[in-house]
Amino acid sequence: MRYAREAEPPVAAPSQQIRLGAVRPATVLRVTAAIDAIWLGRVDYRDAWGLQKRLVEARAAGRIGDQLLLLEHPAVLTLGRQADARHVLAPRAELAARGIEVIRVERGGEVTYHGPGQLVGYPIIRLADRAMLVRPFVRALESALVETCAAFGVDAGRRDGHPGCWIEPESATPRKIGALGVRVERGVTYHGIALNVDVQIGDFDLIDACGMPGVGSTSIALESGRHDERPSTTAVAEAAVVFADAFARALGAFVDLDRITSDDLTAARSGLERRLVPDAA
């Protein structure tokens, strides 16, 4: 097994073309319980949403440990619980013709686009077990987003007052590369992050990204000069390994990276379902 370790850079295959020297590991004060991270491939949004709720219930009851779901979605728009639907710019007829659903969910934040070429991470974490409050948890997610970008040679950072991950955050024209919106129920987190790896950036014209008119969106591929790169599930899976490693280190936790790199998605999903059966816990 390969595990994330304190203050070590992400482990990655040579095909990922990661500049490990660019990674700035998060400071880890202590090692806590493991996070069970799993790569699920491309998953319908409603299916993943329902899975999260079941995992939150099981985690709150103590039947399972902390989880990190890593995946990508078919094209979909989601609205936070108090999001303004007027930030969806595309006509409903156009969205329907393209098969893009608009779904209002429980997380915070405004409208978000998900689609192929974008890494989505859903951490199911019982915060009290890690002696963690919501704000440090959000900072850990942001740190992991920034480290993942750095691992692929892209300089990103936080932007005060605007959760997520940004390119040139202090400039007059910051570009958003990663979105963040979480929900906590019964002390357990769900929803999470979305990182643009090689997503079709034109699809962000469907919305005011994160409810901010005029703010541009970008991706790791675009920032790396690969303007013609098409969305790739393989590229997203590679980014998932780096993100899981960075996030685990930010929490001072272990994560088995071999489980993320498994190509057997059916087995991965079946194993997750088995852990949700009370007698199997």
# chains A, B, ... in the order shown; residues from 1 in each chain; ligands from 1

$ residues_around --residues "Glu170 of chain A" --least-positions-apart "5" --cutoff "10 Å" --atoms "only C-alpha atoms" --output "PyMOL selection string"
chain A and resi 157-160

$ select_by_dssp --residues "segment 126-232 of chain A" --states "alpha helix (DSSP H)" --output "list in words"
Val134, Arg135, Pro136, Phe137, Val138, Arg139, Ala140, Leu141, Glu142, Ser143, Ala144, Leu145, Val146, Glu147, Thr148, Cys149, Ala150, Ala151, Ile220, Ala221, Leu222 and Glu223 of chain A

$ write_last_selection --atoms "N, CA, C and O atoms" --output "compact mmCIF listing (two decimals), in the first residue's frame"
# COMPACT_ATOMS: atom_id res chain seq x y z
N VAL A 134 -15.43 24.16 11.14
CA VAL A 134 -15.73 24.26 9.72
C VAL A 134 -14.71 25.12 8.98
O VAL A 134 -14.26 24.76 7.89
N ARG A 135 -14.33 26.26 9.55
CA ARG A 135 -13.42 27.16 8.84
C ARG A 135 -12.07 26.50 8.56
O ARG A 135 -11.60 26.54 7.41
N PRO A 136 -11.42 25.87 9.53
CA PRO A 136 -10.16 25.16 9.21
C PRO A 136 -10.37 24.04 8.20
O PRO A 136 -9.48 23.76 7.40
N PHE A 137 -11.54 23.40 8.22
CA PHE A 137 -11.82 22.35 7.25
C PHE A 137 -11.86 22.93 5.84
O PHE A 137 -11.29 22.37 4.89
N VAL A 138 -12.51 24.08 5.68
CA VAL A 138 -12.56 24.74 4.37
C VAL A 138 -11.15 25.13 3.93
O VAL A 138 -10.79 24.97 2.76
N ARG A 139 -10.35 25.62 4.86
CA ARG A 139 -8.97 25.99 4.52
C ARG A 139 -8.17 24.76 4.07
O ARG A 139 -7.32 24.85 3.18
N ALA A 140 -8.44 23.61 4.68
CA ALA A 140 -7.75 22.38 4.27
C ALA A 140 -8.12 22.01 2.84
O ALA A 140 -7.26 21.61 2.05
N LEU A 141 -9.39 22.16 2.49
CA LEU A 141 -9.81 21.90 1.11
C LEU A 141 -9.14 22.86 0.14
O LEU A 141 -8.66 22.46 -0.93
N GLU A 142 -9.11 24.13 0.50
CA GLU A 142 -8.46 25.12 -0.37
C GLU A 142 -6.98 24.83 -0.52
O GLU A 142 -6.43 24.93 -1.62
N SER A 143 -6.33 24.47 0.57
CA SER A 143 -4.91 24.13 0.50
C SER A 143 -4.66 22.96 -0.43
O SER A 143 -3.71 22.97 -1.23
N ALA A 144 -5.53 21.95 -0.37
CA ALA A 144 -5.37 20.79 -1.25
C ALA A 144 -5.59 21.16 -2.70
O ALA A 144 -4.91 20.64 -3.60
N LEU A 145 -6.53 22.06 -2.98
CA LEU A 145 -6.74 22.53 -4.35
C LEU A 145 -5.50 23.25 -4.87
O LEU A 145 -5.05 23.01 -6.00
N VAL A 146 -4.95 24.13 -4.03
CA VAL A 146 -3.76 24.89 -4.44
C VAL A 146 -2.59 23.95 -4.69
O VAL A 146 -1.85 24.09 -5.68
N GLU A 147 -2.39 22.96 -3.81
CA GLU A 147 -1.29 22.02 -3.98
C GLU A 147 -1.46 21.17 -5.23
O GLU A 147 -0.48 20.84 -5.91
N THR A 148 -2.70 20.80 -5.54
CA THR A 148 -2.93 20.00 -6.73
C THR A 148 -2.57 20.79 -7.98
O THR A 148 -1.93 20.29 -8.90
N CYS A 149 -2.98 22.06 -8.02
CA CYS A 149 -2.60 22.91 -9.16
C CYS A 149 -1.09 23.02 -9.26
O CYS A 149 -0.51 22.89 -10.35
N ALA A 150 -0.42 23.24 -8.13
CA ALA A 150 1.04 23.38 -8.13
C ALA A 150 1.72 22.12 -8.64
O ALA A 150 2.73 22.19 -9.34
N ALA A 151 1.16 20.96 -8.29
CA ALA A 151 1.76 19.71 -8.73
C ALA A 151 1.75 19.56 -10.24
O ALA A 151 2.59 18.86 -10.81
N ILE A 220 -6.56 23.68 -15.44
CA ILE A 220 -5.15 23.32 -15.43
C ILE A 220 -4.62 23.24 -16.86
O ILE A 220 -3.53 23.71 -17.17
N ALA A 221 -5.42 22.66 -17.76
CA ALA A 221 -4.98 22.53 -19.16
C ALA A 221 -4.76 23.90 -19.78
O ALA A 221 -3.73 24.14 -20.44
N LEU A 222 -5.71 24.82 -19.60
CA LEU A 222 -5.57 26.15 -20.20
C LEU A 222 -4.38 26.90 -19.62
O LEU A 222 -3.62 27.54 -20.36
N GLU A 223 -4.22 26.84 -18.31
CA GLU A 223 -3.11 27.55 -17.68
C GLU A 223 -1.76 26.96 -18.06
O GLU A 223 -0.73 27.61 -17.94

$ residues_around --residues "Leu69 of chain A" --least-positions-apart "2" --cutoff "8 Å" --atoms "only C-alpha atoms" --output "list in words"
Ala37, Ile38, Trp39, Leu40, Gln67, Leu71, Gly121, Tyr122, Pro123 and Ile124 of chain A

$ atom_distance --atom1 "atom CA of His114 of chain A" --atom2 "atom CA of Pro74 of chain A"
7.0 Å

$ atom_distance --atom1 "atom CA of Gly115 of chain A" --atom2 "atom CA of His73 of chain A"
5.1 Å
